[in-house]
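Take a look at the structure set out below.
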Amino acid sequence: MTRSELCKVVAEQYPKLSEVQSDIAIRTLFDAMKAAVCSGERIEIRGFGVFQLRKRKARTGRNPRTGESVYVPPKNVLSFKAGKDLKERLNNGNTLGHL
Amino acid sequence: MTRASIANALFKEMNEERGVAISVGESAELVEGILRIIKETLQKGEEVKIPGFGTFTTHRKLARKGRNPKTGEAAEVAPRLVIRFQASQLLQNSILQPAPLSHDRHNGNGRGTSL
């Protein structure tokens, strides 16, 4: 599912909103989340999950082609951990059928 | 940030910037609805791709033998589905990065400082 498909479903379920308006709503939602994670803020949405930055230490990597060692500086990466409801939906739902 | 602050951001944007009159309650409901639809899609095993944000995919984990870390007892970890989230490169590039330390080696080798 892409954002535009998500828009259609939202517009169907919220007849008050046109497809264009639900597109705006979805963009606003993700823009707000982007702004928060970019500044290092943790986003906790109960039942959905938590987005937070995790620190990666500096390390010495290798250029896979030349074998040369390369210094990789420390960095922050965005991680997501699924919440309880999402995990339960995945594992108690009908999806278990095709495990 | 919580769902309440997301709903608040949505309420403001819709009313003040976009001229769409929705109430605080409706904004909260809409946030809930969007998240629910994403969850339902993942539940069906389908991936969800949000350009500029990231991609949620589901993956199967096989059963394995684990240990209760507290008691050391052997236990079976059931097979399950897990969510994997890959942040968009665009988003990853604009994330707050630790300040490069002045004593970092090879500073400025081209691959070094990412931002």
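Residues are referred to by chain and number: the chain letter is A, B, ... according to the order shown in the structure tokens, the number counts from 1 in that chain, and ligands are numbered separately from 1 in the order shown.
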
Within 8 Å of chain A, which residues of chain B are there when counting only C-alpha atoms? Please give them as a PyMOL selection string. chain B and resi 1-3+6-7+9-10+13-14+20+31+33-35+37-39+41-51+53+60+79-87+91-92+94-98+100+104-106+111-113

If I take CA of Ala78 (chain B) and CA of Arg64 (chain B), how far is one from the other in Å, to one decimal?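 Taking CA of Ala78 (chain B) and CA of Arg64 (chain B), their separation equals 7.0 Å.
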
Residue among B:Lys12, B:Glu76, B:Gln89, B:Ala4 lying closest to Ala28 (chain B), counting only C-alpha atoms: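 Among B:Lys12, B:Glu76, B:Gln89, B:Ala4, it is B:Ala4 that comes nearest to Ala28 (chain B).
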
Chain A: residues DSSP assigns to strand (DSSP E), reported as a PyMOL selection string: chain A and resi 43-45+49-56+59-62+69-72+75-82

Can you write just those residues out, N, CA, C and O atoms, as a compact mmCIF listing (two decimals), in the first residue's frame?
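And here's result25.txt as it stands now:
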# COMPACT_ATOMS: atom_id res chain seq x y z
N ILE A 43 8.82 9.38 19.41
CA ILE A 43 7.38 9.38 19.18
C ILE A 43 6.82 8.08 19.71
O ILE A 43 7.20 6.99 19.26
N GLU A 44 5.93 8.20 20.67
CA GLU A 44 5.33 6.99 21.22
C GLU A 44 3.85 7.01 20.91
O GLU A 44 3.12 7.89 21.37
N ILE A 45 3.40 6.05 20.11
CA ILE A 45 1.98 5.94 19.80
C ILE A 45 1.52 4.59 20.34
O ILE A 45 1.84 3.55 19.77
N GLY A 49 3.27 1.86 17.94
CA GLY A 49 4.70 1.61 18.15
C GLY A 49 5.45 2.86 18.55
O GLY A 49 4.86 3.91 18.76
N VAL A 50 6.75 2.70 18.65
CA VAL A 50 7.62 3.80 19.06
C VAL A 50 8.67 4.04 17.99
O VAL A 50 9.31 3.10 17.51
N PHE A 51 8.83 5.31 17.62
CA PHE A 51 9.92 5.70 16.72
C PHE A 51 10.94 6.43 17.57
O PHE A 51 10.58 7.37 18.29
N GLN A 52 12.18 6.05 17.51
CA GLN A 52 13.20 6.81 18.21
C GLN A 52 14.55 6.67 17.53
O GLN A 52 14.78 5.74 16.77
N LEU A 53 15.43 7.62 17.83
CA LEU A 53 16.76 7.55 17.25
C LEU A 53 17.62 6.64 18.10
O LEU A 53 17.52 6.63 19.33
N ARG A 54 18.43 5.85 17.46
CA ARG A 54 19.39 5.02 18.16
C ARG A 54 20.78 5.41 17.70
O ARG A 54 20.98 5.72 16.54
N LYS A 55 21.70 5.38 18.66
CA LYS A 55 23.07 5.77 18.35
C LYS A 55 23.83 4.60 17.76
O LYS A 55 23.75 3.49 18.26
N ARG A 56 24.56 4.87 16.70
CA ARG A 56 25.50 3.88 16.18
C ARG A 56 26.89 4.41 16.47
O ARG A 56 27.18 5.57 16.16
N ARG A 59 32.90 3.27 13.77
CA ARG A 59 33.55 1.99 13.58
C ARG A 59 34.47 2.07 12.37
O ARG A 59 34.40 3.02 11.59
N THR A 60 35.30 1.07 12.26
CA THR A 60 36.15 1.02 11.09
C THR A 60 35.54 0.01 10.13
O THR A 60 35.41 -1.15 10.45
N GLY A 61 35.10 0.52 9.01
CA GLY A 61 34.50 -0.37 8.01
C GLY A 61 35.52 -0.68 6.94
O GLY A 61 36.69 -0.30 7.04
N ARG A 62 35.06 -1.41 5.96
CA ARG A 62 35.95 -1.71 4.84
C ARG A 62 35.27 -1.41 3.53
O ARG A 62 34.09 -1.68 3.38
N SER A 69 40.53 -0.04 4.66
CA SER A 69 39.69 0.31 5.80
C SER A 69 39.27 1.77 5.74
O SER A 69 40.02 2.64 5.29
N VAL A 70 38.05 1.97 6.15
CA VAL A 70 37.42 3.28 6.07
C VAL A 70 36.84 3.60 7.44
O VAL A 70 36.21 2.76 8.07
N TYR A 71 37.05 4.81 7.90
CA TYR A 71 36.48 5.21 9.18
C TYR A 71 35.02 5.59 8.98
O TYR A 71 34.70 6.38 8.10
N VAL A 72 34.13 5.00 9.76
CA VAL A 72 32.71 5.36 9.69
C VAL A 72 32.37 6.10 10.98
O VAL A 72 32.49 5.54 12.07
N LYS A 75 26.75 7.71 14.20
CA LYS A 75 25.55 8.34 13.63
C LYS A 75 24.31 7.90 14.37
O LYS A 75 24.33 6.91 15.11
N ASN A 76 23.25 8.64 14.16
CA ASN A 76 21.95 8.29 14.70
C ASN A 76 21.13 7.67 13.60
O ASN A 76 21.12 8.16 12.48
N VAL A 77 20.44 6.57 13.90
CA VAL A 77 19.53 6.00 12.92
C VAL A 77 18.14 5.93 13.53
O VAL A 77 17.99 5.81 14.75
N LEU A 78 17.12 6.00 12.67
CA LEU A 78 15.75 5.95 13.15
C LEU A 78 15.33 4.49 13.30
O LEU A 78 15.48 3.70 12.38
N SER A 79 14.82 4.14 14.47
CA SER A 79 14.34 2.77 14.63
C SER A 79 12.87 2.78 15.01
O SER A 79 12.36 3.77 15.54
N PHE A 80 12.21 1.70 14.70
CA PHE A 80 10.79 1.56 15.03
C PHE A 80 10.59 0.25 15.76
O PHE A 80 11.14 -0.78 15.36
N LYS A 81 9.83 0.32 16.83
CA LYS A 81 9.50 -0.90 17.55
C LYS A 81 7.98 -1.00 17.59
O LYS A 81 7.31 -0.07 18.04
N ALA A 82 7.44 -2.10 17.09
CA ALA A 82 5.99 -2.25 17.02
C ALA A 82 5.39 -2.32 18.41
O ALA A 82 5.97 -2.89 19.34

Please identify which residues in chain B DSSP calls helix (DSSP H, G or I) from the backbone, and express them as a count of residues only. 40

Tell me, in Å to one decimal, how far CA of Phe56 (chain B) is from CA of Glu12 (chain A).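 The value is 22.4 Å.
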